[in-house]
There are 2 protein chains.
Amino acid sequence: MLLTETMQEVKLYQDIINEGLRNIKFPEKPVDLYEPIQYLLSIGGKRLRPALTLLSAEMFDCDAHAALPTAMAVEVFHNFSLMHDDIMDKAPLRRGRATVHEKWGTNTAILSGDFMLIQSYQFISQNDPAVLPSLLSVFNRTAAEVCMGQQFDMDFEKSTNINISDYIGMIRLKTAVLIGAALQLGAIVAKTDNNNANLLYQCGENLGIAFQLQDDLLDVFGDSAKFGKQIGGDILENKKTFLLLKALELANEEDRLEILSWLNKKEYNPAEKISSIVNLYNKLNIQSYIKQEMNRYTDMAFSALAEIPIAENKKEPLHRLAETLLVRNQ
Amino acid sequence: MLLTETMQEVKLYQDIINEGLRNIKFPEKPVDLYEPIQYLLSIGGKRLRPALTLLSAEMFDCDAHAALPTAMAVEVFHNFSLMHDDIMDKAPLRRGRATVHEKWGTNTAILSGDFMLIQSYQFISQNDPAVLPSLLSVFNRTAAEVCMGQQFDMDFEKSTNINISDYIGMIRLKTAVLIGAALQLGAIVAKTDNNNANLLYQCGENLGIAFQLQDDLLDVFGDSAKFGKQIGGDILENKKTFLLLKALELANEEDRLEILSWLNKKEYNPAEKISSIVNLYNKLNIQSYIKQEMNRYTDMAFSALAEIPIAENKKEPLHRLAETLLVRNQ
């Protein structure tokens with residue numbers, strides 16, 4: 001029952017956002033600048049971040065539609081970062097469709113991404129001047145941090161000396177700060193006080209880390225039909241996720257050497273590599289460590305939410321959405 | 001005398017801006033994100049655009065230092081666009097030094113450029129909330145237009161069907177609007193009325209077109225020592241500048257075919273190509289047409305300036321700077 005109810009709520013937010021995205025006015029020319037933007041925005045995504053902005057504004061009795069420009073800024077910014085990250089990561093697919101740089105070339109993906117970043121500021125700028133300085137302060141800081149996170153992510157690919165704390169720091173910047181900001185920005189639009197907005201930021205940042213840890217977990221232990229991705233992708237790409245870093249930390253010398261030998265192999269049977277690493281993860285009980293860590297961040301998120309001095313029923317939608325997105329209780 | 005005086009004025013502005021640029025605080029990590037930014041900002045440039053912002057603020061009795069964050073936004077934005085354009089144009093050199101993508105790779109140039117675009121908004125956001133909505137409105141529009149200009153520029157390279165009006169439209173977006181905005185933003189910081197700020201924008205936009213036409217002219221007919229570039233570069237790159245488009249417009253069938261045959265040749269002696277095209281330009285008297293066009297835009301710029309209802313001596317610094325930058329009277 002709860003799940004269906006939450007899904008219906010989220011669907012309402014998604015409808016508002018999708019209508020907002022469809023209504024973005026683009027000039028007729030230059031076509032090559034706008035078509036890729038409309039393409040990327042139209043191929044979907046869960047609209048989780050802008051939904052959080054609308055939901056957060058409503059938590060403080062502000063109409064969701066009043067927070068729509070800010071929610072759009074968050075979603076357009078997120079898609080800008082996807083467009084540019086996909087170039088850097090040489091990703092051929094995004095949401096199961098060709099990436100913009102694959103379809104139109106790198107130059108177009110650079111320039112259309114730049115344009116989206118500017119558009120996200122155009123949406124932020126549509127707000128009441130009274131809250132504009134606060135919104136900009138959060139948006140500027142977050143945008144800078146997301147770039148830093150992407151740089152750390154690329155640096156970590158080349159580095160052999162990353163620990164779990166480095167990794168958490170990186171996903172905080174690359175993923176979690178935008179979840180935090182999405183909530184904080186909605187609270188600022190609703191003109192609640194700074195303390196409440198900051199608590200919502202903390203809630204979102206911690207949730208964001210929990211979400212990413214869950215993504216790492218599902219990439220290896222998830223149900224591929226539900227998760228919508230190939231299982232073991234991170235293992236094949238030698239991604240230094242929480243799972244791998246924890247395994248390297250806990251492994252005895254023999255297991256450690258086995259992991260390292262898989263990381264260094266140039267030719268191998270993919271299924272064999274995945275099953276060998278998964279066996280090691282199971283032997284070292286890595287699932288329980290990552291779930292513990294997810295719970296720790298989720299608890300911190302809900303503690304921050306609990307501190308906000310408003311009626312508990314106002315917090316329920318965010319509570320339910322977070323519980324739905326986190327599988328720990330399922 | 002005038003020239004020296006103007007140069008000293010400009011030097012004062014440049015000193016303020018260079019100090020501002022040196023004082024930008026970067027975190028220690030990630031190094032790969034910040035080093036390219038410091039590098040590009042440190043290898044110089046005339047700082048014309050931010051100087052115009054300071055000069056425009058002073059025109060309305062605002063201290064130049066109060067306009068420094070806005071001037072920095074303009075300069076950092078300009079350098080963002082150079083960093084990304086250089087990737088798209090595959091340019092090996094900028095200001096005689098290796099471009100960022102040559103030195104650090106394309107991914108770094110994309111991400112550091114993104115970071116600079118965000119930084120430019122951080123500088124704009126430092127302003128008095130009272131003028132923030134106006135500043136953002138101008139900055140957002142201009143940033144979007146500069147991207148459109150770059151897209152048109154790339155589109156025109158592939159197109160065989162460009163006329164002079166298309167070309168002027170493209171350089172207006174790619175180059176002139178930022179010159180206009182640099183002046184308009186300074187006026188807004190100084191809290192003068194909209195009408196004055198708009199007139200300064202018109203002044204700058206028209207000056208910007210005149211400057212670009214002069215660049216086209218000097219690329220072919222300039223003194224290579226003074227101009228600091230190889231003469232004839234645009235001819236070798238088949239750039240569809242005002243000179244080439246006017247020549248194609250005025251040429252008889254025989255001359256037209258000669259120009260087109262040079263454009264299509266894959267192997268040729270560079271000096272021979274330059275001298276043949278220059279001979280055709282001379283035969284068609286293209287220099288007089290482009291100078292006429294430069295004068296037309298300069299006159300429009302000065303007319304807009306003349307309409308601003310302030311003491312004439314307040315306008316003198318901008319007047320002198322424009323005259324110094326334009327060679328028409330030398």
# chains A, B, ... in the order shown; residues from 1 in each chain; ligands from 1
>>> interface_residues(of="chain B", to="chain A", cutoff="8 Å", atoms="only C-alpha atoms", output="MDAnalysis selection string")
chainID B and resid 30 32:33 84 87:88 107 110:111 114:115 118:119 121:122 125 129:130 132:133 136:137 140 143:144 147:148 151:152
>>> select_by_dssp(residues="stretch 85-307 of chain A", states="strand (DSSP E)", output="number ranges by chain")
A: 93-94, 97-98
>>> write_last_selection(atoms="N, CA, C and O atoms", output="compact mmCIF listing (two decimals), in the first residue's frame")
# COMPACT_ATOMS: atom_id res chain seq x y z
N LEU A 93 26.16 4.54 -24.47
CA LEU A 93 24.71 4.53 -24.20
C LEU A 93 24.37 5.28 -22.92
O LEU A 93 25.13 5.30 -21.96
N ARG A 94 23.20 5.89 -22.94
CA ARG A 94 22.63 6.57 -21.76
C ARG A 94 21.15 6.22 -21.77
O ARG A 94 20.48 6.45 -22.78
N ARG A 97 19.88 4.47 -24.81
CA ARG A 97 19.91 5.13 -26.13
C ARG A 97 21.30 5.68 -26.38
O ARG A 97 22.09 5.87 -25.46
N ALA A 98 21.59 5.95 -27.67
CA ALA A 98 22.90 6.50 -28.02
C ALA A 98 23.14 7.81 -27.26
O ALA A 98 22.23 8.63 -27.13
>>> atom_distance(atom1="atom CA of A:Asn295", atom2="atom CA of A:Lys246")
16.3 Å
>>> residues_around(residues="A:Gly233", least_positions_apart="4", cutoff="9 Å", atoms="only C-alpha atoms", output="list in words")
Asp219, Val220, Lys229, Glu237, Asn238, Lys239 and Ile274 of chain A
>>> decode(residues="stretch 19-31 of chain B", atoms="all heavy atoms", output="mmCIF file, in the first residue's frame")
data_model
loop_
_atom_site.group_PDB
_atom_site.id
_atom_site.type_symbol
_atom_site.label_atom_id
_atom_site.label_comp_id
_atom_site.auth_asym_id
_atom_site.auth_seq_id
_atom_site.Cartn_x
_atom_site.Cartn_y
_atom_site.Cartn_z
ATOM 1 N N GLU B 19 45.273 41.497 -10.669
ATOM 2 C CA GLU B 19 45.364 41.207 -9.246
ATOM 3 C C GLU B 19 44.165 40.374 -8.794
ATOM 4 O O GLU B 19 44.312 39.414 -8.034
ATOM 5 C CB GLU B 19 45.446 42.509 -8.437
ATOM 6 C CG GLU B 19 46.012 42.265 -7.052
ATOM 7 C CD GLU B 19 45.766 43.430 -6.108
ATOM 8 O OE1 GLU B 19 45.594 44.569 -6.595
ATOM 9 O OE2 GLU B 19 45.710 43.194 -4.881
ATOM 10 N N GLY B 20 42.991 40.736 -9.282
ATOM 11 C CA GLY B 20 41.790 39.956 -8.963
ATOM 12 C C GLY B 20 41.932 38.513 -9.411
ATOM 13 O O GLY B 20 41.582 37.580 -8.683
ATOM 14 N N LEU B 21 42.465 38.311 -10.607
ATOM 15 C CA LEU B 21 42.619 36.946 -11.139
ATOM 16 C C LEU B 21 43.635 36.157 -10.313
ATOM 17 O O LEU B 21 43.434 34.985 -10.026
ATOM 18 C CB LEU B 21 43.052 36.985 -12.607
ATOM 19 C CG LEU B 21 42.008 37.541 -13.595
ATOM 20 C CD1 LEU B 21 42.624 37.719 -14.989
ATOM 21 C CD2 LEU B 21 40.781 36.633 -13.686
ATOM 22 N N ARG B 22 44.730 36.835 -9.929
ATOM 23 C CA ARG B 22 45.744 36.147 -9.109
ATOM 24 C C ARG B 22 45.191 35.758 -7.745
ATOM 25 O O ARG B 22 45.642 34.797 -7.137
ATOM 26 C CB ARG B 22 46.970 37.053 -8.924
ATOM 27 C CG ARG B 22 47.992 36.977 -10.045
ATOM 28 C CD ARG B 22 49.318 37.627 -9.646
ATOM 29 N NE ARG B 22 49.162 39.007 -9.199
ATOM 30 C CZ ARG B 22 49.128 40.074 -10.013
ATOM 31 N NH1 ARG B 22 49.260 39.919 -11.319
ATOM 32 N NH2 ARG B 22 48.991 41.284 -9.529
ATOM 33 N N ASN B 23 44.203 36.540 -7.265
ATOM 34 C CA ASN B 23 43.670 36.283 -5.917
ATOM 35 C C ASN B 23 42.559 35.235 -5.880
ATOM 36 O O ASN B 23 42.004 34.968 -4.810
ATOM 37 C CB ASN B 23 43.150 37.585 -5.303
ATOM 38 C CG ASN B 23 44.295 38.471 -4.855
ATOM 39 O OD1 ASN B 23 45.409 37.987 -4.644
ATOM 40 N ND2 ASN B 23 44.035 39.760 -4.723
ATOM 41 N N ILE B 24 42.200 34.672 -7.038
ATOM 42 C CA ILE B 24 41.160 33.626 -7.004
ATOM 43 C C ILE B 24 41.668 32.481 -6.145
ATOM 44 O O ILE B 24 42.779 31.999 -6.344
ATOM 45 C CB ILE B 24 40.838 33.101 -8.423
ATOM 46 C CG1 ILE B 24 40.312 34.217 -9.326
ATOM 47 C CG2 ILE B 24 39.787 31.983 -8.328
ATOM 48 C CD1 ILE B 24 39.959 33.753 -10.747
ATOM 49 N N LYS B 25 40.861 32.076 -5.188
ATOM 50 C CA LYS B 25 41.267 30.983 -4.299
ATOM 51 C C LYS B 25 40.798 29.647 -4.859
ATOM 52 O O LYS B 25 39.605 29.464 -5.108
ATOM 53 C CB LYS B 25 40.639 31.167 -2.901
ATOM 54 C CG LYS B 25 41.142 32.387 -2.151
ATOM 55 C CD LYS B 25 42.378 32.071 -1.311
ATOM 56 C CE LYS B 25 42.971 33.350 -0.716
ATOM 57 N NZ LYS B 25 43.529 34.291 -1.738
ATOM 58 N N PHE B 26 41.732 28.750 -5.070
ATOM 59 C CA PHE B 26 41.383 27.401 -5.508
ATOM 60 C C PHE B 26 41.703 26.427 -4.380
ATOM 61 O O PHE B 26 42.723 26.572 -3.712
ATOM 62 C CB PHE B 26 42.203 26.999 -6.734
ATOM 63 C CG PHE B 26 41.860 27.782 -7.970
ATOM 64 C CD1 PHE B 26 42.696 28.788 -8.432
ATOM 65 C CD2 PHE B 26 40.702 27.504 -8.675
ATOM 66 C CE1 PHE B 26 42.379 29.509 -9.571
ATOM 67 C CE2 PHE B 26 40.380 28.219 -9.815
ATOM 68 C CZ PHE B 26 41.225 29.229 -10.261
ATOM 69 N N PRO B 27 40.861 25.409 -4.169
ATOM 70 C CA PRO B 27 41.227 24.354 -3.213
ATOM 71 C C PRO B 27 42.483 23.649 -3.729
ATOM 72 O O PRO B 27 42.839 23.774 -4.907
ATOM 73 C CB PRO B 27 40.031 23.399 -3.256
ATOM 74 C CG PRO B 27 38.933 24.136 -3.944
ATOM 75 C CD PRO B 27 39.574 25.143 -4.809
ATOM 76 N N GLU B 28 43.145 22.891 -2.855
ATOM 77 C CA GLU B 28 44.371 22.215 -3.276
ATOM 78 C C GLU B 28 44.103 21.084 -4.257
ATOM 79 O O GLU B 28 44.922 20.779 -5.106
ATOM 80 C CB GLU B 28 45.083 21.636 -2.045
ATOM 81 C CG GLU B 28 45.961 22.649 -1.347
ATOM 82 C CD GLU B 28 46.632 22.040 -0.138
ATOM 83 O OE1 GLU B 28 47.135 20.911 -0.251
ATOM 84 O OE2 GLU B 28 46.620 22.688 0.921
ATOM 85 N N LYS B 29 42.959 20.426 -4.064
ATOM 86 C CA LYS B 29 42.629 19.282 -4.914
ATOM 87 C C LYS B 29 41.235 19.458 -5.498
ATOM 88 O O LYS B 29 40.417 20.123 -4.890
ATOM 89 C CB LYS B 29 42.681 17.990 -4.067
ATOM 90 C CG LYS B 29 44.093 17.543 -3.763
ATOM 91 C CD LYS B 29 44.146 16.061 -3.405
ATOM 92 C CE LYS B 29 43.508 15.758 -2.056
ATOM 93 N NZ LYS B 29 43.683 14.353 -1.653
ATOM 94 N N PRO B 30 40.911 18.879 -6.616
ATOM 95 C CA PRO B 30 41.759 18.106 -7.515
ATOM 96 C C PRO B 30 42.602 19.013 -8.435
ATOM 97 O O PRO B 30 42.058 19.870 -9.123
ATOM 98 C CB PRO B 30 40.755 17.306 -8.348
ATOM 99 C CG PRO B 30 39.467 18.077 -8.270
ATOM 100 C CD PRO B 30 39.501 18.900 -7.036
ATOM 101 N N VAL B 31 43.891 18.779 -8.398
ATOM 102 C CA VAL B 31 44.868 19.593 -9.120
ATOM 103 C C VAL B 31 44.526 19.751 -10.601
ATOM 104 O O VAL B 31 44.618 20.842 -11.163
ATOM 105 C CB VAL B 31 46.271 18.960 -8.965
ATOM 106 C CG1 VAL B 31 47.265 19.602 -9.926
ATOM 107 C CG2 VAL B 31 46.765 19.108 -7.530
#
